[in-house]
2 protein chains.
Amino acid sequence: MATNELERSVPPSRYKKLEAELRPELLAAQERLHQARFPTLIVLGGFAGAGTSEASNVLRQWMNSRRIAVCAFEPPSAEERERPEYWRYWLSLPPKGTIGIYLNGWYDRPLRDLAHGHSDEAAFDRDSEHIAAFENALVVDGALLIKLWIHLDKEARQKRIAALERNPLTRWRVTAGTKEGWKYYDEFKRAADRLLHKTNASGARWQVVESSDPHYMLVVARAVRDAIRRHLAQKSRPKCVGSDWPRAPNVLTQLDMEKRVPKKEYQALLERCQGRLYRLTQQARRKGVSTVLVFEGADAAGKGGVIQRLTVALDACIYQIIQVTAPTDEEHTQHYLWRFWRHLPRAGRVAIFDRSWYGRVLVERVEGFADEAAWQRAYGEINNFEDQLIDHGMVVAKYWIHIDKDEQLRRFKARQATPHKCWKITDEDWRNREKWDDYEAAVDDMVARTHTPAAPWTLVEGTDKRFARLKVLETLCQRLEQALASG
Amino acid sequence: MATNELERSVPPSRYKKLEAELRPELLAAQERLHQARFPTLIVLGGFAGAGTSEASNVLRQWMNSRRIAVCAFEPPSAEERERPEYWRYWLSLPPKGTIGIYLNGWYDRPLRDLAHGHSDEAAFDRDSEHIAAFENALVVDGALLIKLWIHLDKEARQKRIAALERNPLTRWRVTAGTKEGWKYYDEFKRAADRLLHKTNASGARWQVVESSDPHYMLVVARAVRDAIRRHLAQKSRPKCVGSDWPRAPNVLTQLDMEKRVPKKEYQALLERCQGRLYRLTQQARRKGVSTVLVFEGADAAGKGGVIQRLTVALDACIYQIIQVTAPTDEEHTQHYLWRFWRHLPRAGRVAIFDRSWYGRVLVERVEGFADEAAWQRAYGEINNFEDQLIDHGMVVAKYWIHIDKDEQLRRFKARQATPHKCWKITDEDWRNREKWDDYEAAVDDMVARTHTPAAPWTLVEGTDKRFARLKVLETLCQRLEQALASG
């Protein structure tokens with residue numbers, strides 16, 4: 001194929017010699033990135049027939065192909081369309097220490113839309129911003145992003161296609177995609193110029209490779225080798241400093257923790273709310289509106305009890321509870337948001353997160369599992385993540401169930417005294433309790449920085465469990481009603 | 001809900017006392033199963049309105065709900081229909097040490113078909129066999145299966161529905177499902193009787209619980225507690241002994257390892273095969289015929305090179321290579337076939353397994369990672385797994401790439417002498433080599449026991465890499481042509 005042609009067009013011995021020198025270096029770089037455990041994304045952009053597949057094949061052949069996954073995407077399937085556009089890109093990310101080769105990847109749809117005139121100025125800007133945000137999230141997390149645009153000019157392209165078509169043995173290589181790319185060459189060229197210009201951010205620069213160059217595979221391989229070497233040599237990334245942010249107001253002290261619902265009124269009120277919630281979620285199911293629920297709160301705040309009362313009112317087919325505990329090793333090899341992306345609900349379904357991505361700015365911050373730069377960055381990453389859910393039409397409802405320190409102590413003691421509840425109290429709960437003030441500061445910051453109009457926090461006074469349960473159900477019903485009315 | 005009603009119909013103090021005694025015992029049993037690390041599946045069967053959801057809710061409330069997942073299934077989605085029926089049940093299995101509660105689970109569709117007269121005698125028998133095979137695979141692997149049929153007779157059911165409907169607060173609980181179940185009560189009852197009778201295998205017995213019993217939640221919880229206790233007390237399961245099976249004929253020695261393709265003919269032959277394969281896979285894509293390819297072979301047999309030549313001929317969008325190495329921890333908590341089920345291709349796509357589920361009867365057998373009972377059992381489990389793929393219309397093509405011991409030595413040495421190949425040789429490869437004869441015996445047994453008409457092994461003479469590559473491509477094209485002609 002392409003390389004064979006190339007081998008014929010330059011003195012084969014010269015090419016072979018350069019290849020033989022390059023391959024061990026490329027392998028060594030790959031081995032070092034594996035040891036250094038950062039993920040590498042190689043985006044090979046270009047029009048069908050320019051040589052992107054050939055470049056991908058040769059890279060796989062020249063490196064350890066067992067640590068490389070090639071990702072090419074078809075138009076989204078029905079289930080993919082039920083999630084935000086970047087869902088499938090997130091799920092495809094290479095684990096740390098490995099390489100993902102993306103054939104056009106997330107550039108494919110924006111490029112097509114632009115070339116075929118399906119996106120106006122505003123849509124194009126939005127696409128560019130989404131690309132930048134996605135790539136930036138990976139880069140600041142330590143990923144290496146190598147973006148190569150394989151370019152073949154109109155004339156060379158025509159010659160190559162004609163040559164392939166003349167030979168009955170190679171004719172199959174000229175696919176429908178090649179022909180489409182050919183027909184709209186000028187439109188695609190203009191679109192690519194714009195898109196490349198717009199998405200040429202620091203840490204995510206495009207490098208253009210001319211595939212008419214007989215040494216082009218060597219150029220691609222050298223670009224990969226050099227990028228890996230540079231990334232390895234990089235000093236630790238500059239920490240973003242957030243300490244000059246104003247201390248968030250202490251929202252929790254403003255809650256009226258005395259709120260109560262009398263026992264004798266509770267059952268009827270609960271049953272009424274549950275019926276209402278059942279009907280709303282059935283309606284959302286039919287309309288395809290998904291719901292993402294987040295429950296956070298101190299130990300013993302009553303999250304489990306709230307979730308219990310809520311799920312009783314849901315058809316068991318439509319919801320899933322995601323218990324967020326320590327990440328598994330598959331999750332450990334990915335960006336911290338990856339394990340939440342993987343659980344996004346299908347259209348019309350409900351995902352209930354019992355603890356969530358806010359762990360990054362709560363437990364990981366307080367316990368020091370994430371460094372300051374990482375958790376400071378997380379506010380923006382989380383807002384961006386939730387924006388994608390909301391843009392997709394999902395309802396995002398976030399609950400902080402609050403109890404004060406004395407109430408927690410009462411509950412800990414009560415649990416210890418009850419045979420079927422004492423398992424709920426562990427040494428860790430007592431340890432967490434000692435850091436009560438740190439957690440409160442973290443909650444204040446979290447609310448101040450992630451309370452957005454489309455994904456507001458609901459702070460729930462949790463002293464009285466009955467009150468807390470009804471408030472959650474009641475406010476959730478309101479959110480759903482609004483969403484269904486506007487949808 | 002149900003329990004509240006019940007509490008009213010028996011002296012509340014008596015019920016509360018029994019509940020208070022039972023809950024710590026139930027929790028203790030759950031904790032012990034968590035320690036013992038076996039998965040527990042609780043199937044709650046029954047018609048809508050009989051009390052299955054209520055039983056599920058109470059079990060979650062009485063146990064540690066963070067280690068329980070409730071699985072209820074809607075009619076299969078488009079992507080689910082592209083895989084064998086049991087695909088979604090496999091993927092939903094609870095990790096070891098946890099509990100999955102299944103609301104009707106894999107009984108739902110067979111039961112409906114039977115009740116509505118959509119399945120004839122043969123289909124019913126097939127359904128029963130599939131259920132038995134699935135449950136047996138889990139049970140022999142150490143899972144605990146608890147099957148409870150929640151029964152409410154016609155009259156009691158009618159009374160309950162009427163009571164719920166009379167009260168405006170509880171009316172929402174009477175769903176369309178309840179009404180459907182009511183309308184076809186007699187048909188469902190007859191169907192359930194047959195199905196329960198047929199699927200009442202040892203290790204997977206049904207226990208019927210009358211939900212008109214005011215103590216019925218206690219009965220359910222006790223059944224769960226007792227089943228866990230029994231499972232924990234069980235002596236180690238009897239080993240199946242397979243040593244009296246005849247030694248398989250040595251098929252590998254019958255291969256003509258001298259087969260060769262001259263270098264000057266190779267390129268044109270390869271290109272021709274690749275073009276043919278490209279066209280066939282495009283046709284399979286359009287027809288929705290999926291392909292599962294398995295590559296096995298000794299170290300340095302040339303699997304990677306074969307896969308490389310094969311994927312060059314495939315549209316990058318339609319295939320996925322699954323590199324099978326040591327299981328991740330998520331995979332470790334599951335049945336050994338789980339990690340292959342999760343990679344089954346969508347309709348029209350190709351999944352290429354570079355090593356596969358045959359690891360169970362090759363490396364795991366030879367290295368002792370699986371005990372004899374486990375790998376002996378695996379032949380049947382594998383045949384059953386592949387049968388499900390084939391019944392679903394998938395093409396299953398399995399290749400053993402063979403080289404002899406001398407050829408392997410030559411390749412090891414050649415690799416060590418080549419700068420860009422020496423990484424391919426590790427100490428482990430030399431160690432495996434010492435067990436050559438054990439591996440050969442394992443391959444003989446594997447071929448003898450898993451070479452089925454619908455999923456035959458192709459043994460590939462691998463001394464000459466060119467010959468091996470062409471043979472794989474050629475035979476794969478033939479398999480695809482047959483499948484597409486008959487489809």
# chains A, B, ... in the order shown; residues from 1 in each chain; ligands from 1
$ interface_residues --of "chain B" --to "chain A" --cutoff "7 Å" --atoms "only C-alpha atoms" --output "list in words"
Arg23, Pro24, Arg66, Ala72, Phe73, Glu74, Leu169, Thr170, Trp172, Glu271, Arg272, Gly275, Ala316, Cys317, Gln323, Thr328, Asp329, Glu330, Pro419 and His420 of chain B
$ residues_around --residues "A:His335" --least-positions-apart "3" --cutoff "9 Å" --atoms "only C-alpha atoms" --output "PyMOL selection string"
chain A and resi 93+95-96+137-138+141+331-332+338-339
$ write_last_selection --atoms "C-alpha atoms" --output "PDB file, in the first residue's frame"
ATOM      1  CA  LEU A  93     -10.120   7.310  25.868  1.00  0.00           C
ATOM      2  CA  PRO A  95      -5.962   4.080  29.566  1.00  0.00           C
ATOM      3  CA  LYS A  96      -2.858   5.671  31.061  1.00  0.00           C
ATOM      4  CA  ALA A 137      -9.528  18.769  30.007  1.00  0.00           C
ATOM      5  CA  LEU A 138      -7.313  15.910  28.856  1.00  0.00           C
ATOM      6  CA  ASP A 141      -4.877  16.130  33.366  1.00  0.00           C
ATOM      7  CA  GLU A 331     -11.215   3.687  36.430  1.00  0.00           C
ATOM      8  CA  HIS A 332      -7.843   4.542  37.905  1.00  0.00           C
ATOM      9  CA  TRP A 338     -14.456   9.074  33.009  1.00  0.00           C
ATOM     10  CA  ARG A 339     -16.152   6.886  35.598  1.00  0.00           C
TER      11      ARG A 339
END
$ select_by_dssp --residues "stretch 338-461 of chain B" --states "helix (DSSP H, G or I)" --output "JSON, numbers by chain"
{"B": [338, 339, 340, 341, 357, 358, 359, 360, 361, 363, 364, 365, 366, 372, 373, 374, 375, 376, 377, 378, 379, 380, 381, 382, 383, 384, 385, 386, 387, 388, 389, 390, 391, 405, 406, 407, 408, 409, 410, 411, 412, 413, 414, 415, 416, 417, 422, 423, 424, 427, 428, 429, 430, 431, 432, 433, 434, 436, 437, 438, 439, 440, 441, 442, 443, 444, 445, 446, 447, 448, 449, 450]}
$ atom_distance --atom1 "atom CA of B:Ile161" --atom2 "atom CA of B:Leu44"
19.8 Å
$ residues_around --residues "A:Arg260" --least-positions-apart "3" --cutoff "8 Å" --atoms "only C-alpha atoms" --output "PDB file with C-alpha atoms, in the first residue's frame"
ATOM      1  CA  THR A 463     -32.177  17.293  61.012  1.00  0.00           C
ATOM      2  CA  ASP A 464     -35.650  15.892  60.530  1.00  0.00           C
ATOM      3  CA  ARG A 466     -39.114  13.314  57.172  1.00  0.00           C
ATOM      4  CA  PHE A 467     -38.613  16.940  56.233  1.00  0.00           C
TER       5      PHE A 467
END
$ decode --residues "stretch 233-346 of chain B" --atoms "C-alpha atoms" --output "PDB file, in the first residue's frame"
ATOM      1  CA  ALA B 233     -21.660 -24.053  54.964  1.00  0.00           C
ATOM      2  CA  GLN B 234     -21.359 -26.055  51.769  1.00  0.00           C
ATOM      3  CA  LYS B 235     -18.324 -28.246  51.522  1.00  0.00           C
ATOM      4  CA  SER B 236     -16.152 -27.418  48.558  1.00  0.00           C
ATOM      5  CA  ARG B 237     -18.092 -28.373  45.467  1.00  0.00           C
ATOM      6  CA  PRO B 238     -17.470 -31.834  44.048  1.00  0.00           C
ATOM      7  CA  LYS B 239     -14.803 -31.747  41.381  1.00  0.00           C
ATOM      8  CA  CYS B 240     -15.839 -33.077  38.045  1.00  0.00           C
ATOM      9  CA  VAL B 241     -13.307 -35.597  36.928  1.00  0.00           C
ATOM     10  CA  GLY B 242     -12.387 -35.669  33.302  1.00  0.00           C
ATOM     11  CA  SER B 243      -9.315 -37.822  33.383  1.00  0.00           C
ATOM     12  CA  ASP B 244     -11.150 -40.733  31.840  1.00  0.00           C
ATOM     13  CA  TRP B 245     -11.688 -38.796  28.643  1.00  0.00           C
ATOM     14  CA  PRO B 246      -9.684 -40.255  25.816  1.00  0.00           C
ATOM     15  CA  ARG B 247      -6.451 -38.431  25.046  1.00  0.00           C
ATOM     16  CA  ALA B 248      -7.159 -36.360  21.958  1.00  0.00           C
ATOM     17  CA  PRO B 249      -5.371 -37.307  18.748  1.00  0.00           C
ATOM     18  CA  ASN B 250      -2.319 -35.200  18.115  1.00  0.00           C
ATOM     19  CA  VAL B 251      -3.682 -33.057  15.313  1.00  0.00           C
ATOM     20  CA  LEU B 252      -0.753 -30.686  15.201  1.00  0.00           C
ATOM     21  CA  THR B 253       1.741 -33.328  14.085  1.00  0.00           C
ATOM     22  CA  GLN B 254      -0.461 -33.987  11.074  1.00  0.00           C
ATOM     23  CA  LEU B 255       0.094 -30.520   9.664  1.00  0.00           C
ATOM     24  CA  ASP B 256       2.411 -30.121   6.698  1.00  0.00           C
ATOM     25  CA  MET B 257       4.730 -27.499   8.103  1.00  0.00           C
ATOM     26  CA  GLU B 258       6.632 -27.171   4.830  1.00  0.00           C
ATOM     27  CA  LYS B 259       3.890 -25.252   3.058  1.00  0.00           C
ATOM     28  CA  ARG B 260       5.176 -22.072   1.487  1.00  0.00           C
ATOM     29  CA  VAL B 261       4.183 -19.187  -0.763  1.00  0.00           C
ATOM     30  CA  PRO B 262       6.926 -17.742  -2.974  1.00  0.00           C
ATOM     31  CA  LYS B 263       7.767 -14.147  -2.194  1.00  0.00           C
ATOM     32  CA  LYS B 264       7.170 -12.909  -5.706  1.00  0.00           C
ATOM     33  CA  GLU B 265       3.611 -14.274  -5.827  1.00  0.00           C
ATOM     34  CA  TYR B 266       2.704 -13.113  -2.343  1.00  0.00           C
ATOM     35  CA  GLN B 267       1.965  -9.417  -2.833  1.00  0.00           C
ATOM     36  CA  ALA B 268      -0.568  -9.907  -5.609  1.00  0.00           C
ATOM     37  CA  LEU B 269      -2.255 -12.811  -3.810  1.00  0.00           C
ATOM     38  CA  LEU B 270      -2.458 -10.811  -0.610  1.00  0.00           C
ATOM     39  CA  GLU B 271      -3.873  -7.759  -2.321  1.00  0.00           C
ATOM     40  CA  ARG B 272      -6.479  -9.922  -4.071  1.00  0.00           C
ATOM     41  CA  CYS B 273      -7.539 -11.526  -0.765  1.00  0.00           C
ATOM     42  CA  GLN B 274      -7.688  -8.167   0.955  1.00  0.00           C
ATOM     43  CA  GLY B 275      -9.905  -6.707  -1.739  1.00  0.00           C
ATOM     44  CA  ARG B 276     -12.213  -9.698  -1.480  1.00  0.00           C
ATOM     45  CA  LEU B 277     -12.324  -9.453   2.295  1.00  0.00           C
ATOM     46  CA  TYR B 278     -13.037  -5.725   2.123  1.00  0.00           C
ATOM     47  CA  ARG B 279     -16.028  -6.309  -0.135  1.00  0.00           C
ATOM     48  CA  LEU B 280     -17.332  -9.190   1.957  1.00  0.00           C
ATOM     49  CA  THR B 281     -17.114  -7.294   5.224  1.00  0.00           C
ATOM     50  CA  GLN B 282     -18.880  -4.314   3.661  1.00  0.00           C
ATOM     51  CA  GLN B 283     -21.626  -6.652   2.545  1.00  0.00           C
ATOM     52  CA  ALA B 284     -21.797  -8.215   6.023  1.00  0.00           C
ATOM     53  CA  ARG B 285     -21.996  -4.680   7.442  1.00  0.00           C
ATOM     54  CA  ARG B 286     -25.009  -3.929   5.295  1.00  0.00           C
ATOM     55  CA  LYS B 287     -26.667  -7.253   6.109  1.00  0.00           C
ATOM     56  CA  GLY B 288     -25.974  -6.904   9.825  1.00  0.00           C
ATOM     57  CA  VAL B 289     -23.915 -10.112  10.007  1.00  0.00           C
ATOM     58  CA  SER B 290     -21.314  -9.841  12.793  1.00  0.00           C
ATOM     59  CA  THR B 291     -18.032 -11.682  12.861  1.00  0.00           C
ATOM     60  CA  VAL B 292     -16.091 -12.915  15.859  1.00  0.00           C
ATOM     61  CA  LEU B 293     -12.498 -13.887  15.113  1.00  0.00           C
ATOM     62  CA  VAL B 294     -10.320 -15.806  17.523  1.00  0.00           C
ATOM     63  CA  PHE B 295      -6.547 -15.989  17.158  1.00  0.00           C
ATOM     64  CA  GLU B 296      -4.559 -18.387  19.243  1.00  0.00           C
ATOM     65  CA  GLY B 297      -1.045 -19.703  18.793  1.00  0.00           C
ATOM     66  CA  ALA B 298       2.295 -20.142  20.545  1.00  0.00           C
ATOM     67  CA  ASP B 299       4.471 -17.092  21.237  1.00  0.00           C
ATOM     68  CA  ALA B 300       6.029 -15.803  18.007  1.00  0.00           C
ATOM     69  CA  ALA B 301       3.622 -17.844  15.879  1.00  0.00           C
ATOM     70  CA  GLY B 302       2.739 -14.678  13.982  1.00  0.00           C
ATOM     71  CA  LYS B 303      -0.727 -13.777  15.283  1.00  0.00           C
ATOM     72  CA  GLY B 304       0.061 -10.072  15.272  1.00  0.00           C
ATOM     73  CA  GLY B 305       1.245 -10.111  11.662  1.00  0.00           C
ATOM     74  CA  VAL B 306      -1.866 -11.949  10.538  1.00  0.00           C
ATOM     75  CA  ILE B 307      -4.128  -9.488  12.338  1.00  0.00           C
ATOM     76  CA  GLN B 308      -2.190  -6.603  10.816  1.00  0.00           C
ATOM     77  CA  ARG B 309      -2.744  -7.885   7.240  1.00  0.00           C
ATOM     78  CA  LEU B 310      -6.372  -8.552   7.994  1.00  0.00           C
ATOM     79  CA  THR B 311      -7.250  -5.184   9.503  1.00  0.00           C
ATOM     80  CA  VAL B 312      -5.650  -3.341   6.588  1.00  0.00           C
ATOM     81  CA  ALA B 313      -8.537  -4.712   4.561  1.00  0.00           C
ATOM     82  CA  LEU B 314     -11.234  -3.551   6.973  1.00  0.00           C
ATOM     83  CA  ASP B 315     -12.904  -0.181   7.312  1.00  0.00           C
ATOM     84  CA  ALA B 316     -11.521   1.185  10.584  1.00  0.00           C
ATOM     85  CA  CYS B 317     -15.050   1.955  11.784  1.00  0.00           C
ATOM     86  CA  ILE B 318     -16.248  -1.607  11.806  1.00  0.00           C
ATOM     87  CA  TYR B 319     -13.652  -3.590  13.694  1.00  0.00           C
ATOM     88  CA  GLN B 320     -12.216  -3.734  17.156  1.00  0.00           C
ATOM     89  CA  ILE B 321      -9.168  -5.660  18.310  1.00  0.00           C
ATOM     90  CA  ILE B 322      -9.431  -7.072  21.802  1.00  0.00           C
ATOM     91  CA  GLN B 323      -6.025  -7.790  23.283  1.00  0.00           C
ATOM     92  CA  VAL B 324      -6.571 -10.445  25.891  1.00  0.00           C
ATOM     93  CA  THR B 325      -4.093 -10.165  28.743  1.00  0.00           C
ATOM     94  CA  ALA B 326      -4.496 -10.588  32.497  1.00  0.00           C
ATOM     95  CA  PRO B 327      -7.997  -9.661  33.667  1.00  0.00           C
ATOM     96  CA  THR B 328      -8.534  -6.241  35.288  1.00  0.00           C
ATOM     97  CA  ASP B 329      -9.958  -6.147  38.800  1.00  0.00           C
ATOM     98  CA  GLU B 330     -13.453  -5.455  37.470  1.00  0.00           C
ATOM     99  CA  GLU B 331     -13.069  -8.580  35.360  1.00  0.00           C
ATOM    100  CA  HIS B 332     -11.666 -10.541  38.287  1.00  0.00           C
ATOM    101  CA  THR B 333     -14.894 -10.093  40.212  1.00  0.00           C
ATOM    102  CA  GLN B 334     -16.847 -11.889  37.491  1.00  0.00           C
ATOM    103  CA  HIS B 335     -17.252 -15.242  35.762  1.00  0.00           C
ATOM    104  CA  TYR B 336     -14.316 -15.784  33.407  1.00  0.00           C
ATOM    105  CA  LEU B 337     -16.522 -15.487  30.310  1.00  0.00           C
ATOM    106  CA  TRP B 338     -17.857 -12.077  31.384  1.00  0.00           C
ATOM    107  CA  ARG B 339     -14.929 -10.200  29.952  1.00  0.00           C
ATOM    108  CA  PHE B 340     -15.562 -11.705  26.522  1.00  0.00           C
ATOM    109  CA  TRP B 341     -19.285 -11.119  26.595  1.00  0.00           C
ATOM    110  CA  ARG B 342     -18.624  -7.422  27.171  1.00  0.00           C
ATOM    111  CA  HIS B 343     -16.783  -7.142  23.855  1.00  0.00           C
ATOM    112  CA  LEU B 344     -19.291  -8.826  21.556  1.00  0.00           C
ATOM    113  CA  PRO B 345     -19.675  -6.792  18.370  1.00  0.00           C
ATOM    114  CA  ARG B 346     -22.723  -4.904  17.213  1.00  0.00           C
TER     115      ARG B 346
END
